[in-house]
Amino acid sequence: MTPTGMTNSTASAAPVLSIDDLRVQMRDGQQILRGVNLALTAGRIQGLAGESGSGKTMTGLSVMGLLPGLATATGSITLTGTELLGLRGRRMNALRGRRIGMVFQDPSTSLHPMLSIGTQLTDHVRRHLGLSRSTARARAAEMLERVRVSDPAAALRRFPHQFSGGQRQRIAIAVALACEPEVLIADEPTTALDVTVQAGVLRLLRSLADQMGLAVLLVTHDLGVMSAVADDVAVMRAGVVVESGGREQVFTAPAHEYTRSLLASLPGAEGGITSLDDVRSLLAAELARPEGPADADPDADTDSNTGGSHTGSDKGGRTSGRSVGQR
Ligand SMILES: Nc1ncnc2c1ncn2[C@@H]1O[C@H](COP(=O)(O)OP(=O)(O)OP(=O)(O)O)[C@@H](O)[C@H]1O
Ligand SMILES: [Mg+2]
């Protein structure tokens, strides 16, 4: 697939990735997932919400073939017809990172702290795509540009700790997308980022879905984030998807009691939906902001963040007044 090779208009309704009756059990008998059904379509963002421990991350890890060794998965996960469950070793390695990219919930998992960004990106595309060193370097710079990291040539020489939290998230997305996968799993990619930086990362995901025809699974506990960018919404509870449908439908007419209680528990919620609209308009305003050059980006502050391991939150009053990621 080329970056522009698939558009929304050519995206068929057939799912790119289909998860059917996925069950994951730990060796001690604990049922982590109890029959998850989800389908991702090209060019669409599928939001996945649900309380902590409901199995969102485990669902993503199942797709990547990265479940803990003590876990057994049954059911079916197909990528354009290829069954992924049970694929091991070389065959899974060939797909992971190549046809399915993942941005992990813990940002430190996505990027190696001791390797420069350039090394990480070029090694990744060389391994999967067999590019020459110089072509891989050019590709790495192009990816950084695409995720709007300023001065890509300089950024390639830097190490993860020399970037802000928002920049690191963008770089993690660049790594996940460097081989032009069909599917991106983004597990809480904006948690702990303030609302402005958060909006930048979300806008990026939206444009990648639109422009690359990427099918995105956006895991977030944050219904404000979900309502701002997801096309479809699924809500998990205790290892099952209890509600799923189009965004408007789920947010305006939630069918499941649990979804209603989630909506009602939004920060400062009094009328539930009313409060959601609040959060949504805040993010929508940020998302509607015209794209400027990378340098004008709110989190393009690599030089001023060379120490520590902060995660990009609380950046000197840059929030629009309310951080939706935190309750
Ligand atoms: N390595 C592991 N070994 C055993 N159980 C685990 C492991 N990782 C997660 N679990 C369990 O699996 C269940 C689902 O966890 P998961 O990480 O998928 O939740 P989540 O929905 O992503 O939550 P959060 O919103 O906190 O990220 C939880 O009960 C958790 O305790
Ligand atoms: Mg999780």
# chains A, B, ... in the order shown; residues from 1 in each chain; ligands from 1
>>> residues_near_ligand(ligand="ligand 1", cutoff="12 Å", atoms="only C-alpha atoms and all ligand atoms", output="PyMOL selection string")
chain A and resi 23-34+36+48-62+66-72+104-106+186-189+191+218-222+235-241+325
>>> write_last_selection(atoms="C-alpha atoms", output="PDB file, in the first residue's frame")
ATOM      1  CA  ARG A  23     -11.121 -15.092  24.643  1.00  0.00           C
ATOM      2  CA  VAL A  24      -7.991 -14.850  26.724  1.00  0.00           C
ATOM      3  CA  GLN A  25      -7.412 -16.947  29.784  1.00  0.00           C
ATOM      4  CA  MET A  26      -4.503 -16.878  32.186  1.00  0.00           C
ATOM      5  CA  ARG A  27      -2.901 -20.087  33.382  1.00  0.00           C
ATOM      6  CA  ASP A  28      -4.487 -19.608  36.816  1.00  0.00           C
ATOM      7  CA  GLY A  29      -7.917 -19.715  35.162  1.00  0.00           C
ATOM      8  CA  GLN A  30      -8.576 -15.966  35.194  1.00  0.00           C
ATOM      9  CA  GLN A  31     -10.674 -14.959  32.186  1.00  0.00           C
ATOM     10  CA  ILE A  32      -9.225 -11.690  30.900  1.00  0.00           C
ATOM     11  CA  LEU A  33     -11.214 -11.455  27.672  1.00  0.00           C
ATOM     12  CA  ARG A  34     -14.575 -13.203  27.457  1.00  0.00           C
ATOM     13  CA  VAL A  36     -14.495  -9.711  22.252  1.00  0.00           C
ATOM     14  CA  LEU A  48     -12.322   1.529  22.415  1.00  0.00           C
ATOM     15  CA  ALA A  49     -13.239   2.746  25.881  1.00  0.00           C
ATOM     16  CA  GLY A  50     -13.897   1.061  29.177  1.00  0.00           C
ATOM     17  CA  GLU A  51     -12.862   1.067  32.784  1.00  0.00           C
ATOM     18  CA  SER A  52      -9.368   0.232  33.928  1.00  0.00           C
ATOM     19  CA  GLY A  53      -8.741  -3.507  33.759  1.00  0.00           C
ATOM     20  CA  SER A  54     -11.590  -4.141  31.313  1.00  0.00           C
ATOM     21  CA  GLY A  55      -9.199  -5.653  28.752  1.00  0.00           C
ATOM     22  CA  LYS A  56      -8.496  -2.868  26.239  1.00  0.00           C
ATOM     23  CA  THR A  57      -4.736  -3.316  26.257  1.00  0.00           C
ATOM     24  CA  MET A  58      -5.040  -7.099  26.249  1.00  0.00           C
ATOM     25  CA  THR A  59      -7.182  -6.838  23.127  1.00  0.00           C
ATOM     26  CA  GLY A  60      -4.456  -4.800  21.385  1.00  0.00           C
ATOM     27  CA  LEU A  61      -1.703  -7.109  22.570  1.00  0.00           C
ATOM     28  CA  SER A  62      -3.654 -10.116  21.302  1.00  0.00           C
ATOM     29  CA  LEU A  66       2.271 -10.025  22.376  1.00  0.00           C
ATOM     30  CA  LEU A  67       0.193 -11.568  25.148  1.00  0.00           C
ATOM     31  CA  PRO A  68       2.057 -12.613  28.281  1.00  0.00           C
ATOM     32  CA  GLY A  69       3.373 -16.183  28.159  1.00  0.00           C
ATOM     33  CA  LEU A  70       0.861 -17.315  30.769  1.00  0.00           C
ATOM     34  CA  ALA A  71      -2.085 -16.374  28.565  1.00  0.00           C
ATOM     35  CA  THR A  72      -3.956 -18.525  26.067  1.00  0.00           C
ATOM     36  CA  PHE A 104       1.961   1.275  23.395  1.00  0.00           C
ATOM     37  CA  GLN A 105       0.228   2.616  26.477  1.00  0.00           C
ATOM     38  CA  ASP A 106       3.529   3.055  28.263  1.00  0.00           C
ATOM     39  CA  ALA A 186      -2.893   3.325  19.532  1.00  0.00           C
ATOM     40  CA  ASP A 187      -3.238   2.484  23.214  1.00  0.00           C
ATOM     41  CA  GLU A 188      -3.977   5.645  25.203  1.00  0.00           C
ATOM     42  CA  PRO A 189      -1.704   7.739  22.965  1.00  0.00           C
ATOM     43  CA  THR A 191      -3.117  10.160  28.201  1.00  0.00           C
ATOM     44  CA  LEU A 218      -7.835   4.097  19.403  1.00  0.00           C
ATOM     45  CA  VAL A 219      -7.860   2.856  22.969  1.00  0.00           C
ATOM     46  CA  THR A 220      -8.802   5.500  25.466  1.00  0.00           C
ATOM     47  CA  HIS A 221     -10.668   5.682  28.732  1.00  0.00           C
ATOM     48  CA  ASP A 222     -11.473   9.244  27.800  1.00  0.00           C
ATOM     49  CA  VAL A 235     -17.189   0.167  25.185  1.00  0.00           C
ATOM     50  CA  MET A 236     -15.650  -2.700  27.126  1.00  0.00           C
ATOM     51  CA  ARG A 237     -16.424  -3.983  30.525  1.00  0.00           C
ATOM     52  CA  ALA A 238     -14.958  -6.993  32.301  1.00  0.00           C
ATOM     53  CA  GLY A 239     -13.525  -8.546  29.144  1.00  0.00           C
ATOM     54  CA  VAL A 240     -16.439  -8.030  26.752  1.00  0.00           C
ATOM     55  CA  VAL A 241     -17.605  -5.293  24.414  1.00  0.00           C
ATOM     56  CA  GLY A 325      -7.518  13.111  30.130  1.00  0.00           C
TER      57      GLY A 325
END
>>> residues_around(residues="range 97-100 of chain A", least_positions_apart="3", cutoff="6 Å", atoms="only C-alpha atoms", output="PyMOL selection string")
chain A and resi 179+181-184
>>> select_by_dssp(residues="range 119-276 of chain A", states="alpha helix (DSSP H)", output="ChimeraX atom specification")
/A:119-129,133-146,152-157,165-177,195-212,223-229,247-252,257-264,273-276
>>> residues_around(residues="Leu79 in chain A", least_positions_apart="3", cutoff="7 Å", atoms="only C-alpha atoms", output="JSON, numbers by chain")
{"A": [16, 17, 18, 82, 83, 84]}
